[in-house]
Structures are given as structure tokens and as C-alpha cells.
>>> print(open('data_22.tsv').read())   # TSV, C-alpha atoms
chain	number	residue	atom	x	y	z
A	5	GLU	CA	90.05	116.75	126.63
A	6	ALA	CA	93.41	115.23	125.82
A	7	GLN	CA	93.24	113.75	122.36
A	8	VAL	CA	94.77	113.02	119.01
A	9	THR	CA	92.66	114.17	116.07
A	10	GLN	CA	92.90	113.15	112.44
A	11	ASN	CA	91.31	114.64	109.35
A	12	PRO	CA	89.68	113.54	107.24
A	13	ARG	CA	88.23	110.41	108.81
A	14	TYR	CA	87.27	108.98	105.44
A	15	LEU	CA	88.71	109.74	102.03
A	16	ILE	CA	88.19	108.29	98.59
A	17	THR	CA	90.58	109.54	95.93
A	18	VAL	CA	92.08	108.57	92.60
A	19	THR	CA	95.54	107.40	91.69
A	20	GLY	CA	98.08	110.19	91.47
A	21	LYS	CA	96.10	112.94	93.17
A	22	LYS	CA	98.19	114.36	95.98
A	23	LEU	CA	96.62	114.30	99.41
A	24	THR	CA	97.43	115.18	103.00
A	25	VAL	CA	96.07	113.58	106.14
A	26	THR	CA	96.41	115.85	109.13
A	27	CYS	CA	97.19	114.80	112.68
A	28	SER	CA	97.11	117.07	115.70
A	29	GLN	CA	97.57	116.43	119.42
A	30	ASN	CA	96.87	118.73	122.36
A	31	MET	CA	99.00	116.97	124.97
A	32	ASN	CA	102.29	118.73	124.23
A	33	HIS	CA	103.83	115.41	123.25
A	34	GLU	CA	107.24	115.35	121.64
A	35	TYR	CA	106.81	112.02	119.85
A	36	MET	CA	104.39	111.41	117.01
A	37	SER	CA	104.05	108.51	114.62
A	38	TRP	CA	102.03	107.26	111.67
A	39	TYR	CA	100.87	103.67	111.16
A	40	ARG	CA	98.86	101.83	108.59
A	41	GLN	CA	96.62	98.92	109.46
A	42	ASP	CA	95.91	96.22	106.92
A	43	PRO	CA	94.05	92.93	107.47
A	44	GLY	CA	96.43	90.19	108.52
A	45	LEU	CA	99.37	92.59	108.71
A	46	GLY	CA	98.62	94.39	111.94
A	47	LEU	CA	99.96	97.90	112.38
A	48	ARG	CA	103.06	98.88	110.48
A	49	GLN	CA	104.96	102.03	111.27
A	50	ILE	CA	105.36	104.49	108.38
A	51	TYR	CA	107.26	107.42	109.90
A	52	TYR	CA	107.88	108.83	113.32
A	53	SER	CA	109.10	112.06	114.81
A	54	MET	CA	110.93	112.41	118.10
A	55	ASN	CA	110.47	116.20	118.13
A	56	VAL	CA	110.06	119.27	115.93
A	57	GLU	CA	112.12	118.99	112.73
A	58	VAL	CA	113.22	115.44	113.67
A	59	THR	CA	111.69	112.64	111.60
A	60	ASP	CA	112.73	109.08	110.78
A	61	LYS	CA	111.52	106.20	108.67
A	62	GLY	CA	109.55	103.34	110.05
A	63	ASP	CA	109.08	99.98	108.37
A	64	VAL	CA	107.01	101.06	105.36
A	65	PRO	CA	107.96	104.66	104.39
A	66	GLU	CA	107.84	104.25	100.60
A	67	GLY	CA	105.31	106.52	98.94
A	68	TYR	CA	104.84	108.73	102.00
A	69	LYS	CA	106.24	111.99	103.29
A	70	VAL	CA	105.93	113.72	106.63
A	71	SER	CA	106.87	117.01	108.18
A	72	ARG	CA	107.08	118.25	111.74
A	73	LYS	CA	107.18	122.02	111.74
A	74	GLU	CA	105.16	122.41	114.93
A	75	LYS	CA	105.02	120.26	117.99
A	76	ARG	CA	101.29	119.61	117.81
A	77	ASN	CA	100.99	118.70	114.10
A	78	PHE	CA	102.36	115.81	112.08
A	79	PRO	CA	100.78	115.62	108.61
A	80	LEU	CA	101.11	112.57	106.38
A	81	ILE	CA	101.54	113.40	102.71
A	82	LEU	CA	100.92	111.08	99.78
A	83	GLU	CA	102.42	112.83	96.76
A	84	SER	CA	101.10	110.33	94.21
A	85	PRO	CA	98.76	107.84	95.85
A	86	SER	CA	98.42	104.34	94.44
A	87	PRO	CA	95.82	101.65	95.11
A	88	ASN	CA	98.23	99.72	97.34
A	89	GLN	CA	98.06	102.64	99.76
A	90	THR	CA	94.41	101.92	100.41
A	91	SER	CA	94.42	101.32	104.13
A	92	LEU	CA	93.38	102.46	107.58
A	93	TYR	CA	95.83	105.03	108.92
A	94	PHE	CA	96.47	105.88	112.55
A	95	CYS	CA	98.40	108.73	114.07
A	96	ALA	CA	99.79	108.37	117.60
A	97	SER	CA	101.67	110.54	120.07
A	98	SER	CA	103.51	110.16	123.35
A	99	THR	CA	105.97	111.91	125.58
A	100	THR	CA	109.66	111.07	125.28
A	101	SER	CA	110.57	111.55	128.91
A	102	GLY	CA	110.70	107.80	129.37
A	103	GLY	CA	112.16	107.08	125.97
A	104	ALA	CA	110.84	103.82	124.61
A	105	THR	CA	108.80	103.19	127.76
A	106	ASP	CA	106.20	105.83	126.99
A	107	THR	CA	102.64	104.85	126.13
A	108	GLN	CA	101.26	105.94	122.79
A	109	TYR	CA	97.88	107.67	122.41
A	110	PHE	CA	96.12	106.95	119.15
A	111	GLY	CA	93.85	108.98	116.94
A	112	PRO	CA	90.53	107.61	115.64
A	113	GLY	CA	91.92	106.59	112.27
A	114	THR	CA	91.56	107.68	108.64
A	115	ARG	CA	90.18	105.21	106.15
A	116	LEU	CA	91.73	105.93	102.75
A	117	THR	CA	90.63	104.38	99.49
A	118	VAL	CA	92.68	104.98	96.34
A	119	LEU	CA	90.90	104.06	93.12
B	28	ALA	CA	115.57	93.98	113.88
B	29	GLN	CA	112.74	93.69	116.33
B	30	SER	CA	109.61	91.63	115.77
B	31	VAL	CA	106.41	90.53	117.44
B	32	ALA	CA	104.39	87.38	116.80
B	33	GLN	CA	100.81	86.77	117.83
B	34	PRO	CA	100.35	83.15	116.84
B	35	GLU	CA	96.56	83.13	117.04
B	36	ASP	CA	94.41	85.16	114.68
B	37	GLN	CA	91.33	84.35	116.70
B	38	VAL	CA	90.64	83.36	120.30
B	39	ASN	CA	87.17	82.27	121.41
B	40	VAL	CA	86.17	81.90	125.03
B	41	ALA	CA	82.96	81.65	126.99
B	42	GLU	CA	81.96	84.44	129.31
B	43	GLY	CA	83.28	83.82	132.81
B	44	ASN	CA	86.15	81.63	131.65
B	45	PRO	CA	89.78	82.70	131.81
B	46	LEU	CA	91.34	84.03	128.64
B	47	THR	CA	94.88	84.13	127.27
B	48	VAL	CA	96.10	86.01	124.21
B	49	LYS	CA	99.63	85.02	123.27
B	50	CYS	CA	102.54	87.20	122.24
B	51	THR	CA	106.21	86.45	121.64
B	52	TYR	CA	108.85	88.98	120.74
B	53	SER	CA	112.37	89.42	119.44
B	54	VAL	CA	114.50	92.45	120.22
B	55	SER	CA	118.22	93.07	120.55
B	56	GLY	CA	118.26	95.01	123.78
B	57	ASN	CA	115.95	95.16	126.77
B	58	PRO	CA	112.34	94.89	125.61
B	59	TYR	CA	109.58	97.28	126.47
B	60	LEU	CA	106.31	95.46	125.83
B	61	PHE	CA	102.82	96.82	125.42
B	62	TRP	CA	99.28	95.58	124.93
B	63	TYR	CA	96.70	97.70	123.14
B	64	VAL	CA	93.04	96.99	122.41
B	65	GLN	CA	90.99	98.15	119.44
B	66	TYR	CA	87.22	98.18	119.57
B	67	PRO	CA	85.27	98.29	116.28
B	68	ASN	CA	85.67	101.58	114.42
B	69	ARG	CA	87.91	103.00	117.12
B	70	GLY	CA	91.57	103.78	117.56
B	71	LEU	CA	93.87	101.73	119.76
B	72	GLN	CA	93.71	102.08	123.53
B	73	PHE	CA	96.51	101.27	125.93
B	74	LEU	CA	95.96	98.30	128.27
B	75	LEU	CA	99.26	97.69	130.04
B	76	LYS	CA	103.01	97.63	129.65
B	77	TYR	CA	106.12	95.91	130.96
B	78	ILE	CA	109.18	98.04	131.50
B	79	THR	CA	111.12	96.39	134.31
B	80	GLY	CA	110.57	94.77	137.69
B	81	ASP	CA	107.74	92.42	138.55
B	82	ASN	CA	107.07	89.99	135.72
B	83	LEU	CA	103.32	90.15	136.31
B	84	VAL	CA	101.88	93.42	135.13
B	85	LYS	CA	98.35	94.55	135.91
B	86	GLY	CA	96.46	96.87	133.63
B	87	SER	CA	93.08	98.29	132.71
B	88	TYR	CA	89.75	96.42	132.80
B	89	GLY	CA	91.12	93.55	134.89
B	90	PHE	CA	93.72	92.47	132.36
B	91	GLU	CA	97.21	91.36	133.30
B	92	ALA	CA	100.21	90.08	131.42
B	93	GLU	CA	103.15	87.93	132.35
B	94	PHE	CA	106.62	88.71	131.06
B	95	ASN	CA	108.79	85.63	130.55
B	96	LYS	CA	112.32	86.50	129.49
B	97	SER	CA	113.48	82.95	128.84
B	98	GLN	CA	110.55	82.24	126.56
B	99	THR	CA	110.52	85.79	125.15
B	100	SER	CA	106.79	85.94	125.75
B	101	PHE	CA	104.31	88.48	127.07
B	102	HIS	CA	100.92	86.78	127.18
B	103	LEU	CA	97.80	88.76	128.03
B	104	LYS	CA	95.44	87.20	130.54
B	105	LYS	CA	92.19	87.80	132.35
B	106	PRO	CA	90.74	85.48	135.01
B	107	SER	CA	87.10	85.91	133.95
B	108	ALA	CA	86.17	87.10	130.47
B	109	LEU	CA	83.32	89.47	129.71
B	110	VAL	CA	81.37	89.76	126.46
B	111	SER	CA	82.50	93.40	126.38
B	112	ASP	CA	86.13	92.22	126.17
B	113	SER	CA	85.48	91.15	122.58
B	114	ALA	CA	87.87	93.22	120.47
B	115	LEU	CA	91.12	93.16	118.51
B	116	TYR	CA	94.24	92.98	120.68
B	117	PHE	CA	97.71	94.06	119.67
B	118	CYS	CA	101.03	93.32	121.30
B	119	ALA	CA	103.87	95.77	120.64
B	120	VAL	CA	107.56	96.04	121.42
B	121	ARG	CA	109.95	98.96	121.63
B	122	ASP	CA	113.71	98.92	122.10
B	123	MET	CA	115.48	101.34	124.38
B	124	ARG	CA	118.27	101.74	121.85
B	125	ARG	CA	115.92	103.07	119.19
B	126	ALA	CA	113.14	104.68	121.14
B	127	GLY	CA	111.09	105.87	118.19
B	128	LYS	CA	110.77	102.49	116.54
B	129	SER	CA	107.61	100.63	117.47
B	130	THR	CA	106.69	97.17	116.18
B	131	PHE	CA	103.23	95.67	116.49
B	132	GLY	CA	101.99	92.14	116.06
B	133	ASP	CA	99.34	91.22	113.52
B	134	GLY	CA	96.62	91.31	116.14
B	135	THR	CA	94.36	88.70	117.74
B	136	THR	CA	90.59	88.90	117.59
B	137	LEU	CA	89.07	87.92	120.90
B	138	THR	CA	85.46	86.82	120.90
B	139	VAL	CA	83.73	86.20	124.21
B	140	LYS	CA	80.43	84.37	123.88
B	141	PRO	CA	77.64	84.61	126.46
>>> encode(input="data_22.tsv", output="C-alpha cells")
Amino acid sequence: EAQVTQNPRYLITVTGKKLTVTCSQNMNHEYMSWYRQDPGLGLRQIYYSMNVEVTDKGDVPEGYKVSRKEKRNFPLILESPSPNQTSLYFCASSTTSGGATDTQYFGPGTRLTVL
Amino acid sequence: AQSVAQPEDQVNVAEGNPLTVKCTYSVSGNPYLFWYVQYPNRGLQFLLKYITGDNLVKGSYGFEAEFNKSQTSFHLKKPSALVSDSALYFCAVRDMRRAGKSTFGDGTTLTVKP
């Protein structure tokens, strides 16, 4: 089954404790992206990657890191989490054959709470 | 900079009535517009998109959307709402000049009452 998977689905942590949220897709998509969803703010793009070793900032990259060493994986790293990073996080992927016209496929989400 | 506005946080309709969820956008180049739906405790699912051509786009589950360039709008519509259409709807825009950048609206909660 074609899908985007995220782990963990739920995470409660404390301020300053480094964490990684993994994202993997099995559709051989070039493009991957991370979003955070907050009430009243919709989805905001954190980082995206057009292909392996190619990443770029979205609208809210502060406090986050990403890497794209393999095509299928795009982990989101919080080096020193803070309470304002408490949010619902989504990973998405798509092809790039159509450029900006391609539809994104979303993972199930990761609910992160930073105490 | 590109932006999307969904002016209504909440839309309530009765089952069987037509529904409209509004979206306006701002982008420098040609817009590529998308609608996604999010059911409770789920990720976003694609509904439909406008790339070029016919201004009326048909998508999944009987939804359609009308692209209006002069009003910079891309409203989502359905002729007859179902209770199962109740969900959170997001409009999104991408710009051909910066293909990786994707901007979503704040979302509109649609509630369809029996």
C-alpha cells in the first residue's frame, strides 16, 4: 500500500531533550515536506526537500533541522525542544514531475507535547 | 510572498443543501490551487486541484471548485451536502516559480447537520 508513515504518532517530552520524528514514504517520491498544524493557524510549512541532499526552509524553520540522505526518509529533528513547539506535525510527499502541480500525500500526523 | 485566506472558520449546512467553502489567494505567478480535507484524527487527503484550463474543476466525493482569476478565488462547492462531509477543509496554493513552497489557509470546519 502506498503510504507515508510517521513515528512516533504521539510524543510527550521535556524542554531541551533532543528528539527526532521520522517520516518515510514508499512511493519513490522526490519531494517531501514537513508541516505543523496549530489551531487557528492552519498548516505552516517547516522545511521541504526537492530531492536527496536538497532541502530548503519553509515559513517556520526556526528550532528545527532536517536531513535527506535517502529518497524515502525525511526526519525532522528538534535539537532543543521548547513548549512553543507543541503541535501536530505532518509529513507529506509528492513527485516533482509536474513541479508545483503535483498532489501531496500526507502522513497520519505526530502529536508532540513539550513540557 | 504567497498567501491563502479562508474567511470562514466554520460553515454549517443542512444535509441535502448545497455547500460552499470559500478561499482566496495571492501569488506572484500562475497559481496552482488545491483543496484538501482532514477528518478527525487523520492526515490530510487530496480533494481536487486547479492547474490550468477549465475554471470548474471536479474532484473526489462529488466536490467541485471554481477558479476565478479576476477575484483570485477558488471556492469549494458541492450541490448536495452529506453528514459524512463534515470535516476540516484546507485550501492551498503553490507557485510554479518556487515549486517546493506550499502555503495553506487556516482551514474551515464544515458541519453538515441531518
>>> interface_residues(input="data_22.tsv", of="chain B", to="chain A", cutoff="12 Å", atoms="all atoms listed in the file", output="PyMOL selection string")
chain B and resi 28-37+56-79+115-136
>>> residues_around(input="data_22.tsv", residues="Phe94 in chain B", least_positions_apart="3", cutoff="9 Å", atoms="all atoms listed in the file", output="count of residues only")
11
>>> residues_near_point(input="data_22.tsv", point="(97.7, 86.5, 125.7)", cutoff="8 Å", atoms="all atoms listed in the file", output="JSON, numbers by chain")
{"B": [46, 47, 48, 49, 50, 92, 101, 102, 103, 104]}
>>> atom_distance(input="data_22.tsv", atom1="CA of Phe90 in chain B", atom2="CA of Glu42 in chain B")
14.6 Å
>>> closest_residue(input="data_22.tsv", among="A:Asn55, A:Thr117, A:Ser97, A:Thr26", to="Glu74 in chain A", atoms="all atoms listed in the file")
A:Asn55
>>> residues_near_point(input="data_22.tsv", point="(83.4, 90.8, 132.1)", cutoff="10 Å", atoms="only C-alpha atoms", output="PyMOL selection string")
chain B and resi 42-44+88-89+105-113+139
>>> atom_distance(input="data_22.tsv", atom1="CA of Ser91 in chain A", atom2="CA of Asn11 in chain A")
14.6 Å
>>> atom_distance(input="data_22.tsv", atom1="CA of Ser71 in chain A", atom2="CA of Ile16 in chain A")
22.7 Å
